[in-house]
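One file, upload-v2.pdb, is given below (PDB, C-alpha atoms).
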ATOM      1  CA  MET A   1     183.464 234.838 219.402
ATOM      2  CA  SER A   2     183.762 231.201 218.504
ATOM      3  CA  ASP A   3     186.164 230.155 215.806
ATOM      4  CA  ASP A   4     183.700 227.872 214.106
ATOM      5  CA  LYS A   5     181.702 230.849 212.797
ATOM      6  CA  LEU A   6     184.568 232.273 210.766
ATOM      7  CA  VAL A   7     184.621 232.398 206.974
ATOM      8  CA  GLY A   8     187.455 230.343 205.485
ATOM      9  CA  ILE A   9     189.857 231.780 202.925
ATOM     10  CA  VAL A  10     191.465 229.766 200.119
ATOM     11  CA  LEU A  11     194.323 231.284 198.114
ATOM     12  CA  VAL A  12     194.881 229.752 194.675
ATOM     13  CA  SER A  13     198.014 230.644 192.739
ATOM     14  CA  HIS A  14     199.918 229.049 189.870
ATOM     15  CA  SER A  15     202.835 228.822 192.275
ATOM     16  CA  GLY A  16     202.930 226.951 195.592
ATOM     17  CA  ALA A  17     205.458 229.439 196.945
ATOM     18  CA  VAL A  18     203.293 232.425 195.994
ATOM     19  CA  ALA A  19     200.153 230.931 197.570
ATOM     20  CA  GLU A  20     202.004 230.056 200.810
ATOM     21  CA  SER A  21     203.702 233.434 201.000
ATOM     22  CA  VAL A  22     200.523 235.409 200.424
ATOM     23  CA  ALA A  23     198.804 233.308 203.096
ATOM     24  CA  ALA A  24     201.657 234.101 205.507
ATOM     25  CA  LEU A  25     201.533 237.802 204.592
ATOM     26  CA  ALA A  26     197.776 238.041 205.026
ATOM     27  CA  THR A  27     197.678 236.197 208.355
ATOM     28  CA  GLY A  28     200.702 238.198 209.537
ATOM     29  CA  LEU A  29     199.044 241.506 208.715
ATOM     30  CA  ALA A  30     195.710 240.384 210.169
ATOM     31  CA  GLY A  31     197.801 239.564 213.231
ATOM     32  CA  GLY A  32     197.109 240.147 216.869
ATOM     33  CA  GLY A  33     195.858 236.768 217.968
ATOM     34  CA  SER A  34     193.986 234.128 216.077
ATOM     35  CA  THR A  35     192.887 234.665 212.499
ATOM     36  CA  ALA A  36     190.288 233.127 210.242
ATOM     37  CA  PRO A  37     191.307 229.798 208.703
ATOM     38  CA  VAL A  38     193.457 230.326 205.603
ATOM     39  CA  ALA A  39     194.722 227.623 203.249
ATOM     40  CA  ALA A  40     197.048 227.887 200.270
ATOM     41  CA  ALA A  41     196.459 225.873 197.099
ATOM     42  CA  GLY A  42     199.333 226.751 194.834
ATOM     43  CA  GLY A  43     200.842 224.977 191.851
ATOM     44  CA  THR A  44     200.279 221.407 190.789
ATOM     45  CA  GLU A  45     200.313 218.350 193.035
ATOM     46  CA  ASP A  46     203.852 217.504 191.980
ATOM     47  CA  GLY A  47     205.096 220.973 192.914
ATOM     48  CA  GLY A  48     205.110 222.459 189.403
ATOM     49  CA  LEU A  49     203.537 225.670 188.166
ATOM     50  CA  GLY A  50     199.835 225.357 187.354
ATOM     51  CA  THR A  51     196.529 224.662 189.022
ATOM     52  CA  SER A  52     195.354 221.555 190.844
ATOM     53  CA  SER A  53     191.673 220.997 191.433
ATOM     54  CA  GLU A  54     192.618 218.381 194.062
ATOM     55  CA  LEU A  55     194.680 220.876 196.073
ATOM     56  CA  ILE A  56     191.884 223.456 195.799
ATOM     57  CA  ALA A  57     189.270 220.972 197.035
ATOM     58  CA  GLN A  58     191.541 219.889 199.913
ATOM     59  CA  ALA A  59     192.241 223.495 200.924
ATOM     60  CA  ALA A  60     188.536 224.342 200.850
ATOM     61  CA  ALA A  61     187.669 221.323 203.010
ATOM     62  CA  LYS A  62     190.402 222.328 205.471
ATOM     63  CA  VAL A  63     189.086 225.866 206.061
ATOM     64  CA  ASP A  64     185.375 225.033 206.006
ATOM     65  CA  ARG A  65     183.713 226.010 209.297
ATOM     66  CA  GLY A  66     180.235 226.093 207.797
ATOM     67  CA  ALA A  67     180.226 229.885 207.465
ATOM     68  CA  GLY A  68     181.221 230.027 203.808
ATOM     69  CA  ILE A  69     184.526 230.115 201.980
ATOM     70  CA  ALA A  70     186.022 232.957 199.967
ATOM     71  CA  ILE A  71     188.392 231.778 197.242
ATOM     72  CA  LEU A  72     190.903 234.220 195.771
ATOM     73  CA  THR A  73     192.898 233.350 192.670
ATOM     74  CA  ASP A  74     195.653 234.762 190.525
ATOM     75  CA  LEU A  75     195.477 234.136 186.754
ATOM     76  CA  GLY A  76     194.054 232.055 183.920
ATOM     77  CA  SER A  77     193.705 228.427 184.861
ATOM     78  CA  ALA A  78     193.358 229.248 188.577
ATOM     79  CA  VAL A  79     190.258 231.343 187.811
ATOM     80  CA  LEU A  80     188.843 228.849 185.312
ATOM     81  CA  THR A  81     189.430 225.817 187.531
ATOM     82  CA  VAL A  82     187.674 227.386 190.525
ATOM     83  CA  LYS A  83     184.756 228.449 188.307
ATOM     84  CA  ALA A  84     184.521 224.941 186.878
ATOM     85  CA  LEU A  85     184.644 223.362 190.365
ATOM     86  CA  ILE A  86     181.882 225.661 191.591
ATOM     87  CA  ALA A  87     179.812 224.798 188.511
ATOM     88  CA  GLU A  88     180.277 221.092 189.320
ATOM     89  CA  GLY A  89     178.264 221.688 192.455
ATOM     90  CA  ASP A  90     179.619 218.868 194.613
ATOM     91  CA  GLU A  91     183.382 219.428 194.499
ATOM     92  CA  LEU A  92     183.637 222.238 197.040
ATOM     93  CA  PRO A  93     181.926 222.727 200.422
ATOM     94  CA  GLU A  94     178.610 224.533 200.337
ATOM     95  CA  GLY A  95     178.970 228.306 200.450
ATOM     96  CA  ALA A  96     182.299 228.374 198.626
ATOM     97  CA  ARG A  97     182.571 231.287 196.231
ATOM     98  CA  LEU A  98     185.111 232.798 193.895
ATOM     99  CA  VAL A  99     185.816 236.364 194.938
ATOM    100  CA  ASP A 100     186.707 238.921 192.274
ATOM    101  CA  ALA A 101     189.654 240.704 193.880
ATOM    102  CA  PRO A 102     193.360 241.434 193.379
ATOM    103  CA  PHE A 103     195.257 238.455 194.746
ATOM    104  CA  VAL A 104     197.623 239.916 197.332
ATOM    105  CA  GLU A 105     195.681 242.987 198.444
ATOM    106  CA  GLY A 106     192.404 241.091 198.307
ATOM    107  CA  ALA A 107     193.836 238.278 200.426
ATOM    108  CA  VAL A 108     194.916 240.693 203.149
ATOM    109  CA  ALA A 109     191.515 242.414 203.142
ATOM    110  CA  ALA A 110     189.655 239.087 203.172
ATOM    111  CA  VAL A 111     191.681 237.614 206.033
ATOM    112  CA  VAL A 112     191.403 240.784 208.125
ATOM    113  CA  ALA A 113     187.634 240.951 207.565
ATOM    114  CA  ALA A 114     187.068 237.234 208.135
ATOM    115  CA  SER A 115     189.202 237.263 211.291
ATOM    116  CA  ALA A 116     187.007 240.061 212.648
ATOM    117  CA  GLY A 117     183.997 237.803 212.216
ATOM    118  CA  ALA A 118     182.577 239.257 208.984
ATOM    119  CA  ASP A 119     180.172 237.053 207.054
ATOM    120  CA  VAL A 120     181.019 235.823 203.575
ATOM    121  CA  ASP A 121     179.277 238.738 201.828
ATOM    122  CA  ALA A 122     181.272 241.238 203.878
ATOM    123  CA  VAL A 123     184.505 239.309 203.294
ATOM    124  CA  GLU A 124     183.829 239.358 199.568
ATOM    125  CA  ALA A 125     183.089 243.100 199.644
ATOM    126  CA  ALA A 126     186.277 243.839 201.596
ATOM    127  CA  ALA A 127     188.396 241.850 199.146
ATOM    128  CA  ALA A 128     186.742 243.393 196.066
ATOM    129  CA  GLU A 129     187.215 246.871 197.498
ATOM    130  CA  ALA A 130     190.967 246.382 197.203
ATOM    131  CA  TYR A 131     190.513 247.008 193.466
ATOM    132  CA  SER A 132     189.518 250.618 194.161
ATOM    133  CA  TYR A 133     192.796 251.494 195.853
ATOM    134  CA  ARG A 134     194.834 253.129 193.078
ATOM    135  CA  LYS A 135     198.598 253.208 193.330
ATOM    136  CA  ALA A 136     199.335 256.004 190.884
TER
ATOM    137  CA  MET B   1     172.413 206.320 166.363
ATOM    138  CA  LEU B   2     175.420 206.828 168.630
ATOM    139  CA  ASP B   3     175.811 204.773 171.812
ATOM    140  CA  ALA B   4     178.142 204.840 174.816
ATOM    141  CA  ALA B   5     180.673 202.639 173.002
ATOM    142  CA  PHE B   6     180.882 205.219 170.212
ATOM    143  CA  PHE B   7     181.646 208.017 172.663
ATOM    144  CA  ARG B   8     184.181 205.895 174.565
ATOM    145  CA  GLN B   9     185.891 205.157 171.257
ATOM    146  CA  TRP B  10     185.781 208.841 170.310
ATOM    147  CA  LEU B  11     187.588 209.917 173.466
ATOM    148  CA  THR B  12     190.032 207.013 173.274
ATOM    149  CA  SER B  13     190.874 208.070 169.695
ATOM    150  CA  ALA B  14     191.189 211.674 170.843
ATOM    151  CA  ALA B  15     193.621 210.542 173.564
ATOM    152  CA  ALA B  16     195.711 208.697 170.961
ATOM    153  CA  LEU B  17     195.754 211.743 168.657
ATOM    154  CA  VAL B  18     196.657 214.113 171.496
ATOM    155  CA  ASP B  19     199.449 211.731 172.465
ATOM    156  CA  ARG B  20     200.747 211.656 168.882
ATOM    157  CA  GLU B  21     200.487 215.448 168.456
ATOM    158  CA  ALA B  22     201.606 216.485 171.950
ATOM    159  CA  GLU B  23     204.995 217.696 170.836
ATOM    160  CA  ARG B  24     203.519 219.818 168.042
ATOM    161  CA  LEU B  25     200.952 221.335 170.437
ATOM    162  CA  THR B  26     203.690 222.241 172.878
ATOM    163  CA  GLU B  27     205.764 223.767 170.060
ATOM    164  CA  LEU B  28     202.793 225.929 169.078
ATOM    165  CA  ASP B  29     202.396 226.902 172.729
ATOM    166  CA  SER B  30     206.015 227.954 173.246
ATOM    167  CA  PRO B  31     206.081 231.306 171.381
ATOM    168  CA  ILE B  32     202.750 232.573 172.759
ATOM    169  CA  GLY B  33     201.952 230.402 175.783
ATOM    170  CA  ASP B  34     203.856 228.634 178.538
ATOM    171  CA  ALA B  35     204.864 225.629 176.447
ATOM    172  CA  ASP B  36     202.809 223.052 178.298
ATOM    173  CA  HIS B  37     199.664 222.627 176.181
ATOM    174  CA  GLY B  38     200.756 219.309 174.674
ATOM    175  CA  SER B  39     201.991 217.744 177.889
ATOM    176  CA  ASN B  40     198.996 219.005 179.886
ATOM    177  CA  LEU B  41     196.473 217.591 177.425
ATOM    178  CA  GLN B  42     198.462 214.382 177.082
ATOM    179  CA  ARG B  43     198.228 213.832 180.828
ATOM    180  CA  GLY B  44     194.516 214.743 180.897
ATOM    181  CA  PHE B  45     193.426 212.582 177.983
ATOM    182  CA  ALA B  46     195.530 209.635 179.145
ATOM    183  CA  ALA B  47     193.607 209.850 182.430
ATOM    184  CA  VAL B  48     190.326 210.004 180.482
ATOM    185  CA  ALA B  49     191.193 206.899 178.445
ATOM    186  CA  ALA B  50     192.256 205.000 181.569
ATOM    187  CA  THR B  51     189.101 205.963 183.472
ATOM    188  CA  LEU B  52     186.785 205.037 180.612
ATOM    189  CA  GLU B  53     188.442 201.650 180.352
ATOM    190  CA  LYS B  54     188.015 201.016 184.068
ATOM    191  CA  ASP B  55     184.519 202.458 184.605
ATOM    192  CA  ALA B  56     182.886 201.957 181.185
ATOM    193  CA  PRO B  57     179.808 204.173 181.707
ATOM    194  CA  THR B  58     176.788 202.913 179.795
ATOM    195  CA  THR B  59     175.244 206.084 178.356
ATOM    196  CA  PRO B  60     176.734 208.766 176.075
ATOM    197  CA  GLY B  61     175.972 211.433 178.660
ATOM    198  CA  ALA B  62     177.767 209.522 181.422
ATOM    199  CA  VAL B  63     180.813 208.900 179.225
ATOM    200  CA  LEU B  64     181.180 212.608 178.482
ATOM    201  CA  THR B  65     180.545 213.884 182.008
ATOM    202  CA  LEU B  66     183.026 211.422 183.497
ATOM    203  CA  ALA B  67     185.642 212.372 180.905
ATOM    204  CA  GLY B  68     185.058 216.077 181.539
ATOM    205  CA  ARG B  69     185.537 215.625 185.246
ATOM    206  CA  GLN B  70     188.824 213.817 184.664
ATOM    207  CA  LEU B  71     190.104 216.656 182.484
ATOM    208  CA  ILE B  72     189.274 219.280 185.098
ATOM    209  CA  SER B  73     191.101 217.328 187.779
ATOM    210  CA  THR B  74     194.200 216.223 185.862
ATOM    211  CA  VAL B  75     195.231 218.803 183.253
ATOM    212  CA  GLY B  76     196.678 221.513 185.533
ATOM    213  CA  GLY B  77     196.351 224.343 182.985
ATOM    214  CA  ALA B  78     193.489 226.416 181.597
ATOM    215  CA  SER B  79     192.684 223.808 178.944
ATOM    216  CA  GLY B  80     191.549 221.423 181.736
ATOM    217  CA  PRO B  81     188.542 223.397 182.964
ATOM    218  CA  LEU B  82     187.768 224.525 179.391
ATOM    219  CA  TYR B  83     187.749 221.058 177.789
ATOM    220  CA  GLY B  84     186.290 219.608 180.976
ATOM    221  CA  THR B  85     183.400 222.042 180.809
ATOM    222  CA  LEU B  86     182.936 221.314 177.087
ATOM    223  CA  LEU B  87     182.520 217.581 177.696
ATOM    224  CA  ARG B  88     180.541 217.837 180.928
ATOM    225  CA  ARG B  89     177.997 220.300 179.566
ATOM    226  CA  THR B  90     177.644 218.277 176.390
ATOM    227  CA  GLY B  91     177.161 215.143 178.469
ATOM    228  CA  LYS B  92     174.604 216.777 180.735
ATOM    229  CA  ALA B  93     172.706 218.067 177.692
ATOM    230  CA  LEU B  94     172.479 214.483 176.394
ATOM    231  CA  GLY B  95     170.848 213.362 179.640
ATOM    232  CA  ASP B  96     170.595 209.625 180.300
ATOM    233  CA  ALA B  97     169.550 208.408 176.846
ATOM    234  CA  ALA B  98     171.157 205.077 175.892
ATOM    235  CA  GLU B  99     171.603 206.254 172.299
ATOM    236  CA  VAL B 100     171.521 209.676 170.681
ATOM    237  CA  SER B 101     171.135 210.818 167.086
ATOM    238  CA  GLU B 102     173.861 212.767 165.335
ATOM    239  CA  GLN B 103     171.628 215.841 165.464
ATOM    240  CA  GLU B 104     171.071 215.423 169.219
ATOM    241  CA  PHE B 105     174.824 215.194 169.654
ATOM    242  CA  ALA B 106     175.336 218.331 167.529
ATOM    243  CA  ASP B 107     172.796 220.241 169.625
ATOM    244  CA  ALA B 108     174.347 219.059 172.893
ATOM    245  CA  LEU B 109     177.835 219.953 171.731
ATOM    246  CA  ARG B 110     176.625 223.455 170.970
ATOM    247  CA  THR B 111     175.500 223.736 174.601
ATOM    248  CA  GLY B 112     178.997 222.628 175.607
ATOM    249  CA  VAL B 113     180.703 225.136 173.304
ATOM    250  CA  ASP B 114     178.487 227.932 174.634
ATOM    251  CA  ALA B 115     179.508 226.967 178.182
ATOM    252  CA  VAL B 116     183.191 227.177 177.215
ATOM    253  CA  GLY B 117     182.592 230.699 175.884
ATOM    254  CA  ALA B 118     180.831 231.689 179.087
ATOM    255  CA  LEU B 119     183.558 230.218 181.321
ATOM    256  CA  GLY B 120     186.461 231.892 179.547
ATOM    257  CA  GLY B 121     184.604 235.031 178.483
ATOM    258  CA  ALA B 122     185.878 234.564 174.915
ATOM    259  CA  VAL B 123     184.211 234.865 171.502
ATOM    260  CA  PRO B 124     185.345 233.696 168.054
ATOM    261  CA  GLY B 125     188.152 235.934 166.796
ATOM    262  CA  ASP B 126     189.882 236.105 170.191
ATOM    263  CA  LYS B 127     192.407 233.469 169.039
ATOM    264  CA  THR B 128     191.229 230.664 171.316
ATOM    265  CA  MET B 129     189.830 227.139 171.019
ATOM    266  CA  LEU B 130     186.460 228.715 170.159
ATOM    267  CA  ASP B 131     187.835 229.647 166.737
ATOM    268  CA  ALA B 132     187.838 225.929 165.912
ATOM    269  CA  LEU B 133     184.916 224.792 168.080
ATOM    270  CA  VAL B 134     182.298 227.282 166.894
ATOM    271  CA  PRO B 135     182.644 226.679 163.118
ATOM    272  CA  ALA B 136     182.931 222.935 163.767
ATOM    273  CA  VAL B 137     179.723 222.752 165.759
ATOM    274  CA  ASP B 138     178.021 224.897 163.094
ATOM    275  CA  ALA B 139     179.040 222.309 160.474
ATOM    276  CA  LEU B 140     178.321 219.269 162.621
ATOM    277  CA  SER B 141     174.663 219.010 161.526
ATOM    278  CA  GLU B 142     175.931 218.541 157.988
ATOM    279  CA  SER B 143     178.460 215.776 158.680
ATOM    280  CA  PHE B 144     181.357 214.818 160.938
ATOM    281  CA  GLY B 145     183.686 215.360 157.969
ATOM    282  CA  ALA B 146     182.395 218.892 157.454
ATOM    283  CA  ALA B 147     182.930 219.598 161.152
ATOM    284  CA  ARG B 148     186.508 218.351 160.939
ATOM    285  CA  GLU B 149     187.176 220.552 157.933
ATOM    286  CA  ALA B 150     185.639 223.594 159.613
ATOM    287  CA  ALA B 151     187.685 222.991 162.786
ATOM    288  CA  ASN B 152     190.931 222.673 160.842
ATOM    289  CA  GLU B 153     190.185 225.795 158.829
ATOM    290  CA  GLY B 154     189.248 227.643 161.998
ATOM    291  CA  ALA B 155     192.508 226.610 163.671
ATOM    292  CA  LEU B 156     194.581 227.703 160.663
ATOM    293  CA  ALA B 157     192.697 231.005 160.529
ATOM    294  CA  THR B 158     193.893 231.904 164.065
ATOM    295  CA  THR B 159     197.443 232.573 162.795
ATOM    296  CA  PRO B 160     196.938 236.225 161.739
ATOM    297  CA  LEU B 161     194.781 237.060 164.780
ATOM    298  CA  GLN B 162     195.893 239.000 167.839
ATOM    299  CA  ALA B 163     195.183 237.119 171.054
ATOM    300  CA  ARG B 164     192.672 238.738 173.388
ATOM    301  CA  LYS B 165     192.414 236.018 176.046
ATOM    302  CA  GLY B 166     194.798 234.083 178.222
ATOM    303  CA  ARG B 167     198.542 234.393 178.554
ATOM    304  CA  ALA B 168     199.012 235.081 174.817
ATOM    305  CA  SER B 169     196.996 238.302 175.177
ATOM    306  CA  TYR B 170     199.834 239.830 177.226
ATOM    307  CA  LEU B 171     201.960 239.673 174.073
ATOM    308  CA  GLY B 172     199.678 242.058 172.191
ATOM    309  CA  GLU B 173     200.703 242.314 168.542
ATOM    310  CA  ARG B 174     203.509 239.818 169.064
ATOM    311  CA  SER B 175     200.881 237.092 169.294
ATOM    312  CA  ILE B 176     200.129 237.674 165.597
ATOM    313  CA  GLY B 177     201.637 235.130 163.214
ATOM    314  CA  HIS B 178     201.325 232.097 165.485
ATOM    315  CA  GLN B 179     198.625 229.447 165.210
ATOM    316  CA  ASP B 180     196.629 229.075 168.419
ATOM    317  CA  PRO B 181     197.457 225.823 170.231
ATOM    318  CA  GLY B 182     193.978 225.547 171.787
ATOM    319  CA  ALA B 183     192.214 225.826 168.436
ATOM    320  CA  THR B 184     194.670 223.253 167.095
ATOM    321  CA  SER B 185     193.942 220.734 169.851
ATOM    322  CA  SER B 186     190.209 221.356 169.428
ATOM    323  CA  ALA B 187     190.503 220.352 165.784
ATOM    324  CA  LEU B 188     191.972 217.023 166.937
ATOM    325  CA  LEU B 189     188.686 216.203 168.662
ATOM    326  CA  PHE B 190     186.941 216.351 165.288
ATOM    327  CA  ASP B 191     189.689 214.301 163.619
ATOM    328  CA  ALA B 192     189.024 211.676 166.271
ATOM    329  CA  LEU B 193     185.284 211.914 165.654
ATOM    330  CA  VAL B 194     185.701 211.178 161.938
ATOM    331  CA  GLN B 195     188.107 208.307 162.693
ATOM    332  CA  THR B 196     185.608 206.801 165.111
ATOM    333  CA  ALA B 197     182.718 207.093 162.678
ATOM    334  CA  GLU B 198     184.782 205.573 159.857
ATOM    335  CA  ALA B 199     185.933 202.681 162.056
ATOM    336  CA  GLY B 200     182.293 202.023 162.945
ATOM    337  CA  ARG B 201     181.314 201.717 159.280
ATOM    338  CA  GLU B 202     183.918 199.099 158.468
TER
END

Go ahead and express the file in the form of structure tokens.
Amino acid sequence: MSDDKLVGIVLVSHSGAVAESVAALATGLAGGGSTAPVAAAGGTEDGGLGTSSELIAQAAAKVDRGAGIAILTDLGSAVLTVKALIAEGDELPEGARLVDAPFVEGAVAAVVAASAGADVDAVEAAAAEAYSYRKA
Amino acid sequence: MLDAAFFRQWLTSAAALVDREAERLTELDSPIGDADHGSNLQRGFAAVAATLEKDAPTTPGAVLTLAGRQLISTVGGASGPLYGTLLRRTGKALGDAAEVSEQEFADALRTGVDAVGALGGAVPGDKTMLDALVPAVDALSESFGAAREAANEGALATTPLQARKGRASYLGERSIGHQDPGATSSALLFDALVQTAEAGRE
């Protein structure tokens, strides 16, 4: 399977540390060889808490292999900024979509699915399915 | 009729007002938000003013879409995509006309306000910027002054409400008794509109 067919994953958090850590967790758990491209876009450009549309656009460009991009977000401005960027039309690579999923669990599911060669619809479904796993 | 210069002046005035009121906005945002509304908007609107000075778009629609894009890319908090969407959708609704009537502007702004509601999933009464924007755009056909009054009243009327959107909603009943910072900053846009119109008449 050639790498250039894999769906890219972008993880957007209010915190750079959270985004990086979740990316490391998801790629670690996907494990066993190479994984789908994953990029973290956390916090503001100056390292503060918040959302940066520049960092999101850069992360999306970095993981774009032409097979679509699944973007997972945490709260508030992360969700709204990605929605606004998608509405802009020309800010993100074609095929980029916001996936409605829990951030950590969804990221693991998305990276595992994408690394196995799933298309963007299947990656989205895998991430969204993480909502149905109840913990209590 | 309103031309590109009017809209540039509007947003420049808004930037000056946001700058002047930044501390108050942040104070309002500290009990129920994350205490960055003033500084976030200050950064965003300063970028808008700087860009409009450099690029000087020649139609009302282009002024607003460029300003909206700047807000989305520079604010860093939820108000960026929300205000950015407000201005961009309003600008797109105005198309590429060189001048627009006050009624055309009012209609376009309603499109923008509707887009803000759709983006954030909020309605009036949720204690958000829509509590100022919706009554203001309803009054805008009457006059800019009426819109300003409606926005200010709408912002004041958020105090007894319980927040149902955004970070403040996590506070539940503890959000009651605080004026919403987003509705307050929205009212500033209509202050700036009246200032701009009055300056144009002199």

| message | If the cut-off is 12 Å, can you tell me the residues of chain B near chain A, counting only C-alpha atoms? I'd like them as an MDAnalysis selection string. | response | chainID B and resid 33:37 40 65:66 68:89 92 115:121 165:170

| said: Using the chain letters and numbers from this file, what does the PyMOL selection byres ((chain B and resi 198) around 12) select? Give the answer as a VMD selection string. | reply: chain B and resid 6 9 to 10 13 144 to 145 191 to 197 199 to 202

Take the residues just selected and output them with C-alpha atoms as a compact mmCIF listing (two decimals), in the coordinates of the input.
# COMPACT_ATOMS: atom_id res chain seq x y z
CA PHE B 6 180.88 205.22 170.21
CA GLN B 9 185.89 205.16 171.26
CA TRP B 10 185.78 208.84 170.31
CA SER B 13 190.87 208.07 169.70
CA PHE B 144 181.36 214.82 160.94
CA GLY B 145 183.69 215.36 157.97
CA ASP B 191 189.69 214.30 163.62
CA ALA B 192 189.02 211.68 166.27
CA LEU B 193 185.28 211.91 165.65
CA VAL B 194 185.70 211.18 161.94
CA GLN B 195 188.11 208.31 162.69
CA THR B 196 185.61 206.80 165.11
CA ALA B 197 182.72 207.09 162.68
CA ALA B 199 185.93 202.68 162.06
CA GLY B 200 182.29 202.02 162.94
CA ARG B 201 181.31 201.72 159.28
CA GLU B 202 183.92 199.10 158.47

| field | Which of B:Gly154, B:Ile32, B:Ala98, B:Phe190 sits closest to B:Gly177 [using all atoms listed in the file] | value |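 The shortest atom-to-atom distance to B:Gly177 comes from B:Ile32.
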
| So what does the PyMOL selection byres ((chain A and resi 62) around 12) actually pick up in this one, as a VMD selection string? | chain A and resid 7 to 10 36 to 41 55 to 61 63 to 66 69 92 to 93

| request: Run the PyMOL selection byres ((chain A and resi 103) around 12) on the file and write out the hits as a ChimeraX atom specification. | output: /A:9-14,18-19,21-23,25-26,70-75,78-79,98-102,104-111,127-131

| request: Measure the distance from atom CA of A:Val112 to atom CA of A:Ser15 in Å and round it to one decimal. | output: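 Atom CA of A:Ser15 lies at a distance of 22.9 Å from atom CA of A:Val112.
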
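Counting from atom CA of B:Ala106, the distance to atom CA of B:Ala147 is 10.0 Å.
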
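Neighbouring residues of B:Ser101 at 12 Å or closer, counting all atoms listed in the file and skipping chain neighbours under 3 positions away, are Met1, Leu2, Asp3, Phe6, Pro60, Leu94, Ala97, Ala98, Glu104, Phe105, Ala106, Asp107, Ala108, Leu140 and Ser141 of chain B.
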
| Which polymer residues have any atom within 7 Å of an atom of B:Thr128, counting only C-alpha atoms, with same-chain residues fewer than 6 positions away left out, as a PyMOL selection string? | chain B and resi 180+182-183

| query | How far is it from atom CA of B:Ala49 to atom CA of B:Leu188, in Å with one decimal? | reply | 15.3 Å

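Minimum distance to A:Thr35 across A:Ala136, A:Ser115, A:Glu91, A:Arg97 (counting only C-alpha atoms) occurs at A:Ser115.
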
| request: Fewer than 3 positions away in the same chain doesn't count, so skip those; otherwise give me all residues within 9 Å of stretch 52-56 of chain B, counting all atoms listed in the file, as a PyMOL selection string. | output: chain B and resi 4-5+8+11-12+47-49+63+66-67

| message | Restricting the calculation to all atoms listed in the file: of B:Leu161, B:Ala146, B:Val137, B:Ala15, which residue gets closest to B:Gly125? | response | B:Leu161

Write out as AutoDock Vina command-line options an axis-aligned box for stretch 71-74 of chain A: all of its atoms listed in the file, 6 Å added on each side, centre and edge lengths in Å with one decimal.
--center_x 192.0 --center_y 233.3 --center_z 193.9 --size_x 19.3 --size_y 15.0 --size_z 18.7

| message | Using only C-alpha atoms, can you tell me which of B:Asp96, B:Pro124, B:Ser39, B:Arg110 comes closest to B:Thr58? | response |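 Smallest separation from B:Thr58 among the options: B:Asp96.
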